[in-house]
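Colleague: Below is the file input.tsv, which contains TSV, N, CA and C atoms and all ligand atoms.
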```
chain	number	residue	atom	x	y	z
A	1	MET	N	0.85	-1.19	0.00
A	1	MET	CA	0.00	0.00	0.00
A	1	MET	C	0.88	1.25	0.00
A	2	PRO	N	0.72	2.12	-0.94
A	2	PRO	CA	1.56	3.33	-1.01
A	2	PRO	C	1.24	4.29	0.13
A	3	ILE	N	2.30	4.91	0.61
A	3	ILE	CA	2.11	5.91	1.66
A	3	ILE	C	1.55	7.17	1.03
A	4	ARG	N	0.45	7.60	1.54
A	4	ARG	CA	-0.19	8.77	0.94
A	4	ARG	C	0.23	10.05	1.67
A	5	HIS	N	0.93	10.87	0.94
A	5	HIS	CA	1.29	12.18	1.48
A	5	HIS	C	0.31	13.20	1.00
A	6	ARG	N	0.11	14.19	1.81
A	6	ARG	CA	-0.74	15.29	1.38
A	6	ARG	C	-0.09	16.60	1.76
A	7	THR	N	-0.55	17.63	1.15
A	7	THR	CA	-0.04	18.97	1.48
A	7	THR	C	-1.01	19.63	2.45
A	8	PHE	N	-0.46	20.05	3.58
A	8	PHE	CA	-1.32	20.72	4.57
A	8	PHE	C	-1.46	22.20	4.23
A	9	LEU	N	-2.34	22.85	4.96
A	9	LEU	CA	-2.57	24.28	4.73
A	9	LEU	C	-1.30	25.10	4.91
A	10	CYS	N	-0.43	24.62	5.83
A	10	CYS	CA	0.81	25.36	6.10
A	10	CYS	C	1.80	25.25	4.95
A	11	GLY	N	1.57	24.31	4.05
A	11	GLY	CA	2.49	24.15	2.92
A	11	GLY	C	3.41	22.96	3.07
A	12	HIS	N	3.54	22.42	4.28
A	12	HIS	CA	4.33	21.22	4.48
A	12	HIS	C	3.58	20.02	3.93
A	13	ARG	N	4.38	19.00	3.58
A	13	ARG	CA	3.77	17.75	3.13
A	13	ARG	C	3.99	16.68	4.18
A	14	GLY	N	3.04	15.78	4.29
A	14	GLY	CA	3.21	14.69	5.24
A	14	GLY	C	1.98	13.83	5.31
A	15	ARG	N	2.02	12.91	6.28
A	15	ARG	CA	0.90	12.00	6.44
A	15	ARG	C	0.07	12.43	7.64
A	16	GLY	N	-1.12	11.90	7.70
A	16	GLY	CA	-1.96	12.13	8.87
A	16	GLY	C	-2.93	13.28	8.69
A	17	LYS	N	-3.60	13.54	9.82
A	17	LYS	CA	-4.67	14.54	9.76
A	17	LYS	C	-4.15	15.96	9.95
A	18	PHE	N	-2.96	16.09	10.52
A	18	PHE	CA	-2.40	17.43	10.73
A	18	PHE	C	-0.90	17.39	10.50
A	19	CYS	N	-0.33	18.53	10.41
A	19	CYS	CA	1.11	18.62	10.11
A	19	CYS	C	1.93	18.41	11.38
A	20	HIS	N	2.65	17.29	11.42
A	20	HIS	CA	3.43	16.97	12.61
A	20	HIS	C	4.62	17.91	12.77
A	21	ARG	N	5.09	18.38	11.64
A	21	ARG	CA	6.23	19.30	11.71
A	21	ARG	C	5.82	20.61	12.39
A	22	CYS	N	4.68	21.14	11.96
A	22	CYS	CA	4.21	22.37	12.59
A	22	CYS	C	3.85	22.15	14.06
A	23	GLN	N	3.33	20.97	14.35
A	23	GLN	CA	2.96	20.70	15.74
A	23	GLN	C	4.20	20.64	16.62
A	24	GLN	N	5.24	19.99	16.07
A	24	GLN	CA	6.49	19.89	16.82
A	24	GLN	C	7.09	21.28	17.06
A	25	GLU	N	7.04	22.10	16.03
A	25	GLU	CA	7.57	23.46	16.18
A	25	GLU	C	6.78	24.25	17.21
A	26	ALA	N	5.46	24.05	17.19
A	26	ALA	CA	4.61	24.75	18.16
A	26	ALA	C	4.94	24.31	19.58
A	27	GLU	N	5.22	23.01	19.75
A	27	GLU	CA	5.58	22.50	21.07
A	27	GLU	C	6.89	23.10	21.55
A	28	ILE	N	7.84	23.21	20.63
A	28	ILE	CA	9.13	23.80	21.00
A	28	ILE	C	8.95	25.27	21.39
A	29	ARG	N	8.13	25.97	20.58
A	29	ARG	CA	7.88	27.39	20.90
A	29	ARG	C	7.24	27.52	22.28
A	30	ALA	N	6.31	26.65	22.57
A	30	ALA	CA	5.62	26.71	23.87
A	30	ALA	C	6.60	26.43	25.01
A	31	ARG	N	7.50	25.46	24.76
A	31	ARG	CA	8.47	25.11	25.79
A	31	ARG	C	9.42	26.29	26.05
A	32	VAL	N	9.89	26.91	24.97
A	32	VAL	CA	10.79	28.06	25.10
A	32	VAL	C	10.07	29.20	25.83
A	33	ALA	N	8.81	29.43	25.48
A	33	ALA	CA	8.05	30.50	26.12
A	33	ALA	C	7.87	30.22	27.61
A	34	ALA	N	7.62	28.95	27.94
A	34	ALA	CA	7.43	28.58	29.35
A	34	ALA	C	8.73	28.77	30.13
A	35	GLN	N	9.84	28.39	29.49
A	35	GLN	CA	11.14	28.57	30.15
A	35	GLN	C	11.41	30.05	30.39
A	36	ARG	N	11.10	30.86	29.36
A	36	ARG	CA	11.33	32.30	29.47
A	36	ARG	C	10.46	32.88	30.59
A	37	ALA	N	9.24	32.42	30.68
A	37	ALA	CA	8.33	32.92	31.71
A	37	ALA	C	8.84	32.54	33.10
A	38	ALA	N	9.39	31.32	33.18
A	38	ALA	CA	9.91	30.86	34.48
A	38	ALA	C	11.10	31.71	34.90
A	39	VAL	N	11.99	31.99	33.95
A	39	VAL	CA	13.16	32.82	34.24
A	39	VAL	C	12.72	34.21	34.66
A	40	HIS	N	11.72	34.72	33.96
A	40	HIS	CA	11.20	36.06	34.27
A	40	HIS	C	10.61	36.08	35.68
A	41	ALA	N	9.84	35.07	36.02
A	41	ALA	CA	9.20	35.00	37.34
A	41	ALA	C	10.27	34.91	38.42
A	42	GLU	N	11.30	34.12	38.14
A	42	GLU	CA	12.39	33.97	39.10
A	42	GLU	C	13.10	35.29	39.33
A	43	LYS	N	13.34	36.02	38.25
A	43	LYS	CA	13.99	37.33	38.35
A	43	LYS	C	13.14	38.29	39.17
A	44	GLN	N	11.83	38.23	38.92
A	44	GLN	CA	10.92	39.12	39.65
A	44	GLN	C	10.90	38.79	41.13
A	45	GLN	N	10.87	37.49	41.43
A	45	GLN	CA	10.88	37.06	42.84
A	45	GLN	C	12.16	37.52	43.52
A	46	TRP	N	13.27	37.38	42.80
A	46	TRP	CA	14.56	37.80	43.34
A	46	TRP	C	14.54	39.30	43.61
A	47	ALA	N	14.02	40.08	42.66
A	47	ALA	CA	13.98	41.53	42.80
A	47	ALA	C	13.09	41.93	43.98
A	48	GLN	N	12.01	41.19	44.19
A	48	GLN	CA	11.08	41.53	45.28
A	48	GLN	C	11.68	41.28	46.65
A	49	LEU	N	12.62	40.33	46.73
A	49	LEU	CA	13.25	40.03	48.01
A	49	LEU	C	13.93	41.26	48.62
A	50	PHE	N	14.44	42.13	47.74
A	50	PHE	CA	15.16	43.30	48.22
A	50	PHE	C	14.26	44.26	48.99
A	51	ASP	N	12.96	44.21	48.69
A	51	ASP	CA	12.02	45.09	49.40
A	51	ASP	C	11.91	44.73	50.87
A	52	HIS	N	12.26	43.49	51.21
A	52	HIS	CA	12.11	43.04	52.59
A	52	HIS	C	13.40	43.15	53.40
A	53	ASP	N	14.47	43.56	52.75
A	53	ASP	CA	15.74	43.67	53.48
A	53	ASP	C	15.72	44.89	54.40
A	54	LEU	N	16.40	44.76	55.52
A	54	LEU	CA	16.48	45.87	56.46
A	54	LEU	C	17.35	47.00	55.91
A	55	ILE	N	18.31	46.63	55.08
A	55	ILE	CA	19.13	47.64	54.41
A	55	ILE	C	19.17	47.31	52.93
A	56	ASP	N	19.48	48.32	52.13
A	56	ASP	CA	19.47	48.12	50.68
A	56	ASP	C	20.68	47.30	50.25
A	57	LEU	N	20.41	46.17	49.64
A	57	LEU	CA	21.50	45.29	49.19
A	57	LEU	C	21.61	45.28	47.67
A	58	ARG	N	20.87	46.18	47.02
A	58	ARG	CA	20.84	46.16	45.55
A	58	ARG	C	22.17	46.54	44.92
A	59	LEU	N	23.01	47.23	45.67
A	59	LEU	CA	24.28	47.66	45.08
A	59	LEU	C	25.29	46.52	44.97
A	60	LEU	N	24.99	45.41	45.64
A	60	LEU	CA	25.94	44.30	45.59
A	60	LEU	C	25.93	43.66	44.21
A	61	PRO	N	27.12	43.40	43.67
A	61	PRO	CA	27.21	42.98	42.27
A	61	PRO	C	26.88	41.51	42.01
A	62	ARG	N	26.89	40.67	43.03
A	62	ARG	CA	26.68	39.24	42.77
A	62	ARG	C	25.65	38.67	43.72
A	63	PRO	N	24.83	37.75	43.22
A	63	PRO	CA	23.78	37.15	44.05
A	63	PRO	C	24.32	36.49	45.32
A	64	GLU	N	25.48	35.83	45.22
A	64	GLU	CA	25.99	35.12	46.39
A	64	GLU	C	26.40	36.11	47.49
A	65	LEU	N	26.81	37.33	47.07
A	65	LEU	CA	27.13	38.35	48.06
A	65	LEU	C	25.86	38.83	48.76
A	66	VAL	N	24.78	38.93	47.99
A	66	VAL	CA	23.49	39.34	48.55
A	66	VAL	C	23.02	38.31	49.57
A	67	THR	N	23.13	37.05	49.20
A	67	THR	CA	22.72	35.97	50.09
A	67	THR	C	23.55	35.97	51.38
A	68	LYS	N	24.84	36.16	51.20
A	68	LYS	CA	25.73	36.20	52.37
A	68	LYS	C	25.40	37.40	53.26
A	69	ALA	N	25.15	38.54	52.61
A	69	ALA	CA	24.82	39.76	53.36
A	69	ALA	C	23.54	39.56	54.16
A	70	ARG	N	22.56	38.91	53.54
A	70	ARG	CA	21.29	38.66	54.24
A	70	ARG	C	21.51	37.80	55.48
A	71	GLN	N	22.36	36.81	55.33
A	71	GLN	CA	22.64	35.92	56.46
A	71	GLN	C	23.33	36.68	57.58
A	72	ILE	N	24.31	37.50	57.22
A	72	ILE	CA	25.04	38.27	58.24
A	72	ILE	C	24.10	39.24	58.95
A	73	VAL	N	23.29	39.95	58.17
A	73	VAL	CA	22.36	40.92	58.75
A	73	VAL	C	21.39	40.23	59.69
A	74	ARG	N	20.84	39.10	59.23
A	74	ARG	CA	19.85	38.40	60.03
A	74	ARG	C	20.46	37.88	61.34
A	75	GLU	N	21.61	37.23	61.21
A	75	GLU	CA	22.21	36.61	62.41
A	75	GLU	C	22.69	37.65	63.41
A	76	ILE	N	23.30	38.71	62.92
A	76	ILE	CA	23.80	39.73	63.85
A	76	ILE	C	22.63	40.50	64.46
A	77	HIS	N	21.61	40.74	63.65
A	77	HIS	CA	20.43	41.43	64.17
A	77	HIS	C	19.76	40.58	65.24
A	78	GLU	N	19.75	39.27	65.04
A	78	GLU	CA	19.09	38.37	66.00
A	78	GLU	C	19.92	38.15	67.26
A	79	THR	N	21.24	38.00	67.07
A	79	THR	CA	22.09	37.63	68.20
A	79	THR	C	22.75	38.82	68.87
A	80	ASN	N	22.80	39.94	68.15
A	80	ASN	CA	23.54	41.13	68.62
A	80	ASN	C	25.00	40.79	68.91
A	81	ASP	N	25.52	39.84	68.20
A	81	ASP	CA	26.92	39.47	68.37
A	81	ASP	C	27.67	39.67	67.07
A	82	TYR	N	28.40	40.77	66.97
A	82	TYR	CA	29.08	41.09	65.71
A	82	TYR	C	30.37	40.29	65.53
A	83	ARG	N	30.83	39.65	66.62
A	83	ARG	CA	32.08	38.89	66.49
A	83	ARG	C	31.90	37.62	65.68
A	84	LEU	N	30.62	37.21	65.53
A	84	LEU	CA	30.31	36.05	64.69
A	84	LEU	C	30.95	36.17	63.31
A	85	TYR	N	30.95	37.38	62.81
A	85	TYR	CA	31.46	37.59	61.44
A	85	TYR	C	32.64	38.57	61.43
A	86	LYS	N	33.41	38.53	62.51
A	86	LYS	CA	34.65	39.32	62.56
A	86	LYS	C	34.40	40.82	62.44
A	87	GLY	N	33.28	41.25	63.01
A	87	GLY	CA	33.01	42.69	63.02
A	87	GLY	C	33.94	43.41	63.97
A	88	LYS	N	34.16	44.69	63.67
A	88	LYS	CA	35.02	45.50	64.53
A	88	LYS	C	34.38	46.87	64.74
A	89	ARG	N	34.53	47.39	65.94
A	89	ARG	CA	34.06	48.75	66.21
A	89	ARG	C	35.01	49.74	65.53
A	90	LEU	N	34.43	50.80	65.00
A	90	LEU	CA	35.27	51.82	64.38
A	90	LEU	C	35.97	52.62	65.48
A	91	ASN	N	37.22	52.98	65.19
A	91	ASN	CA	37.99	53.73	66.19
A	91	ASN	C	37.40	55.10	66.46
A	92	HIS	N	36.94	55.74	65.39
A	92	HIS	CA	36.48	57.13	65.57
A	92	HIS	C	35.04	57.20	66.04
A	93	ASP	N	34.32	56.06	65.98
A	93	ASP	CA	32.96	56.04	66.50
A	93	ASP	C	32.67	54.63	66.99
A	94	ARG	N	32.82	54.44	68.28
A	94	ARG	CA	32.73	53.09	68.84
A	94	ARG	C	31.34	52.49	68.74
A	95	SER	N	30.35	53.31	68.43
A	95	SER	CA	28.98	52.77	68.33
A	95	SER	C	28.73	52.14	66.95
A	96	ILE	N	29.65	52.38	66.02
A	96	ILE	CA	29.50	51.82	64.68
A	96	ILE	C	30.39	50.58	64.54
A	97	ILE	N	29.80	49.53	64.02
A	97	ILE	CA	30.52	48.28	63.85
A	97	ILE	C	30.59	47.95	62.36
A	98	SER	N	31.77	47.61	61.93
A	98	SER	CA	31.99	47.26	60.53
A	98	SER	C	32.22	45.76	60.41
A	99	VAL	N	31.41	45.12	59.60
A	99	VAL	CA	31.52	43.68	59.42
A	99	VAL	C	31.94	43.39	57.98
A	100	PRO	N	33.05	42.70	57.79
A	100	PRO	CA	33.47	42.42	56.41
A	100	PRO	C	32.50	41.44	55.72
A	101	LEU	N	32.13	41.80	54.51
A	101	LEU	CA	31.26	40.93	53.72
A	101	LEU	C	32.09	40.21	52.66
A	102	SER	N	33.00	40.95	52.07
A	102	SER	CA	33.92	40.39	51.08
A	102	SER	C	35.14	41.29	51.09
A	103	HIS	N	36.03	41.04	50.18
A	103	HIS	CA	37.20	41.91	50.08
A	103	HIS	C	36.77	43.35	49.78
A	104	ASP	N	35.67	43.50	49.04
A	104	ASP	CA	35.28	44.82	48.55
A	104	ASP	C	34.14	45.48	49.32
A	105	TYR	N	33.44	44.69	50.12
A	105	TYR	CA	32.26	45.26	50.79
A	105	TYR	C	32.23	44.95	52.27
A	106	ARG	N	31.64	45.89	53.01
A	106	ARG	CA	31.40	45.63	54.42
A	106	ARG	C	30.02	46.15	54.80
A	107	ILE	N	29.53	45.65	55.90
A	107	ILE	CA	28.21	46.06	56.37
A	107	ILE	C	28.40	46.82	57.69
A	108	LEU	N	27.75	47.96	57.77
A	108	LEU	CA	27.84	48.75	59.00
A	108	LEU	C	26.60	48.51	59.86
A	109	PHE	N	26.87	48.35	61.15
A	109	PHE	CA	25.79	48.24	62.14
A	109	PHE	C	25.98	49.35	63.15
A	110	GLN	N	24.89	49.74	63.77
A	110	GLN	CA	24.99	50.68	64.88
A	110	GLN	C	24.56	49.99	66.15
A	111	ASP	N	25.38	50.19	67.17
A	111	ASP	CA	25.08	49.64	68.49
A	111	ASP	C	24.17	50.62	69.22
A	112	ARG	N	22.89	50.24	69.33
A	112	ARG	CA	21.96	51.11	70.04
A	112	ARG	C	21.61	50.44	71.36
A	113	ALA	N	22.38	50.77	72.38
A	113	ALA	CA	22.22	50.19	73.72
A	113	ALA	C	22.23	48.66	73.67
A	114	GLY	N	23.18	48.13	72.90
A	114	GLY	CA	23.35	46.68	72.83
A	114	GLY	C	22.61	46.03	71.68
A	115	GLU	N	21.67	46.75	71.10
A	115	GLU	CA	20.99	46.19	69.94
A	115	GLU	C	21.73	46.62	68.67
A	116	LEU	N	22.08	45.63	67.87
A	116	LEU	CA	22.85	45.93	66.67
A	116	LEU	C	21.91	46.12	65.48
A	117	VAL	N	21.84	47.34	65.01
A	117	VAL	CA	20.92	47.68	63.93
A	117	VAL	C	21.71	47.87	62.65
A	118	PRO	N	21.37	47.12	61.61
A	118	PRO	CA	22.10	47.29	60.35
A	118	PRO	C	21.87	48.68	59.77
A	119	LEU	N	22.94	49.32	59.31
A	119	LEU	CA	22.83	50.66	58.73
A	119	LEU	C	22.87	50.63	57.22
A	120	LYS	N	23.94	50.07	56.68
A	120	LYS	CA	24.05	50.00	55.23
A	120	LYS	C	25.25	49.15	54.80
A	121	VAL	N	25.24	48.84	53.51
A	121	VAL	CA	26.38	48.17	52.90
A	121	VAL	C	27.24	49.25	52.26
A	122	LEU	N	28.53	49.11	52.46
A	122	LEU	CA	29.45	50.06	51.87
A	122	LEU	C	30.50	49.33	51.04
A	123	SER	N	30.83	49.91	49.92
A	123	SER	CA	31.98	49.38	49.20
A	123	SER	C	33.23	49.77	49.96
A	124	HIS	N	34.29	49.04	49.75
A	124	HIS	CA	35.54	49.32	50.43
A	124	HIS	C	35.97	50.77	50.16
A	125	GLU	N	35.77	51.19	48.93
A	125	GLU	CA	36.12	52.56	48.53
A	125	GLU	C	35.32	53.59	49.31
A	126	ALA	N	34.00	53.43	49.32
A	126	ALA	CA	33.14	54.38	50.02
A	126	ALA	C	33.47	54.38	51.50
A	127	TYR	N	33.76	53.21	52.02
A	127	TYR	CA	34.09	53.07	53.42
A	127	TYR	C	35.32	53.89	53.77
A	128	ASN	N	36.34	53.80	52.94
A	128	ASN	CA	37.57	54.53	53.21
A	128	ASN	C	37.39	56.04	53.09
A	129	THR	N	36.53	56.47	52.17
A	129	THR	CA	36.38	57.91	51.98
A	129	THR	C	35.42	58.52	53.00
A	130	THR	N	34.62	57.67	53.69
A	130	THR	CA	33.72	58.24	54.69
A	130	THR	C	34.39	58.31	56.06
A	131	LYS	N	35.55	57.71	56.19
A	131	LYS	CA	36.29	57.80	57.43
A	131	LYS	C	36.74	59.23	57.64
A	132	PRO	N	36.45	59.82	58.78
A	132	PRO	CA	36.93	61.18	59.04
A	132	PRO	C	38.45	61.23	58.99
A	133	GLY	N	38.96	62.23	58.34
A	133	GLY	CA	40.40	62.40	58.27
A	133	GLY	C	41.03	61.58	57.18
A	134	ALA	N	40.25	60.80	56.45
A	134	ALA	CA	40.81	59.98	55.36
A	134	ALA	C	40.75	60.77	54.06
B	1	ZN	ZN	3.34	22.39	8.65
```
Reformat the file's structure so that it appears as structure tokens.
Ligand SMILES: [Zn+2]
Modeller:
Amino acid sequence: MPIRHRTFLCGHRGRGKFCHRCQQEAEIRARVAAQRAAVHAEKQQWAQLFDHDLIDLRLLPRPELVTKARQIVREIHETNDYRLYKGKRLNHDRSIISVPLSHDYRILFQDRAGELVPLKVLSHEAYNTTKPGA
């Protein structure tokens, strides 16, 4: 029995009631669109997390630094123990504590009667230029 090919409306030729080639392409398009939507949703969720931070972490260049900063802020805020992360009081203002986040960034906390309140993230550069007399 000869295989009967026909031309579909799309212009492709093939067997069956519909064009399998077009269907396959449509499936791939749908998969790519779904992946794109998932990536977009993930990005949005990530962006929304910053709204809940006690200090602005958006200036940090890498996600792993943001995650680490969140952990440091949370733990120090909860425990009021800055030595956990090698924090040091500033010489010129003993109420301010500087906690290293990476080689380039540190997080400042203020000691308010024993409660350590996160102030902000500073780049190493900004940190050095905000020091009085520097
Ligand atoms: Zn087709």
Colleague: Using only N, CA and C atoms, find the one residue out of A:Val39, A:Gln45, A:Arg70, A:Ile96 that sits nearest to Leu57 of chain A.
Modeller: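 Counting only N, CA and C atoms, the residue closest to Leu57 of chain A is A:Arg70.
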Colleague: Please indicate the distance in Å from atom CA of Val121 of chain A to atom CA of Ala41 of chain A, rounded to one decimal place.
Modeller: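 Those two atoms sit 26.7 Å apart.
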Colleague: In chain A, what's alpha helix (DSSP H) per DSSP? Answer as an MDAnalysis selection string?
Modeller: chainID A and resid 20:49 63:79 124:130
Colleague: If you run DSSP on this backbone, which residues of segment 95-124 of chain A come out as strand (DSSP E or B), and could you give them as a list of chain:residue names?
Modeller: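 Answer for segment 95-124 of chain A, restricted to strand (DSSP E or B): A:Ile96, A:Ile97, A:Ser98, A:Val99, A:Pro100, A:Tyr105, A:Arg106, A:Ile107, A:Leu108, A:Phe109, A:Gln110, A:Asp111, A:Arg112, A:Glu115, A:Leu116, A:Val117, A:Pro118, A:Leu119, A:Lys120, A:Val121, A:Leu122, A:Ser123.
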Colleague: Using only C-alpha atoms and all ligand atoms, which residues have at least one atom no more than 7 Å from ligand ZN 1 (chain B)? Output them as number ranges by chain.
Modeller: A: 8, 10-12, 19-22
Colleague: Env of Lys68 of chain A: 10 Å cut, atoms = only C-alpha atoms, seq-sep filter 6 positions within chain, self excluded. Answer as a ChimeraX atom specification.
Modeller: /A:74,101-102
Colleague: Just to confirm, what's the straight-line distance from atom N of Ala26 of chain A to atom N of Thr7 of chain A in Å (one decimal)?
Modeller: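 Between atom N of Ala26 of chain A and atom N of Thr7 of chain A the gap is 18.3 Å.
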Colleague: With distances taken over only N, CA and C atoms, which of A:Asp111, A:His103, A:Glu42, A:Glu64 is nearest to Ser123 of chain A?
Modeller: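 Closest candidate: A:His103.
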Colleague: How far is it from atom CA of Asn80 of chain A to atom CA of Glu115 of chain A, in Å with one decimal?
Modeller: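 These atoms are spaced 5.8 Å apart.
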Colleague: List as a list of chain:residue names the protein and nucleic acid residues near segment 84-86 of chain A, meaning an atom at most 6.5 Å away when only N, CA and C atoms are counted, but skip any in the same chain fewer than 5 places from it.
Modeller: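 Everything that qualifies: A:Ser98, A:Val99, A:Pro100.
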Colleague: With all atoms listed in the file as the counted atoms, please give the residues lying no more than 8 Å from Gly16 of chain A, apart from itself and same-chain residues fewer than 6 positions off, as a list in words.
Modeller: Arg4, His5 and Arg6 of chain A
Colleague: Centre and edge lengths, as JSON, for the axis-aligned box enclosing every listed atom of segment 115-125 of chain A with 6 Å of padding on each of the six sides, in Å to one decimal?
Modeller:
```
{"center_x": 28.5, "center_y": 49.6, "center_z": 59.8, "size_x": 27.2, "size_y": 20.0, "size_z": 34.6}
```
Colleague: With distances taken over only C-alpha atoms, which residue among A:Leu119, A:Ala37, A:Ile28, A:Ala47 lies nearest Val73 of chain A?
Modeller: A:Leu119
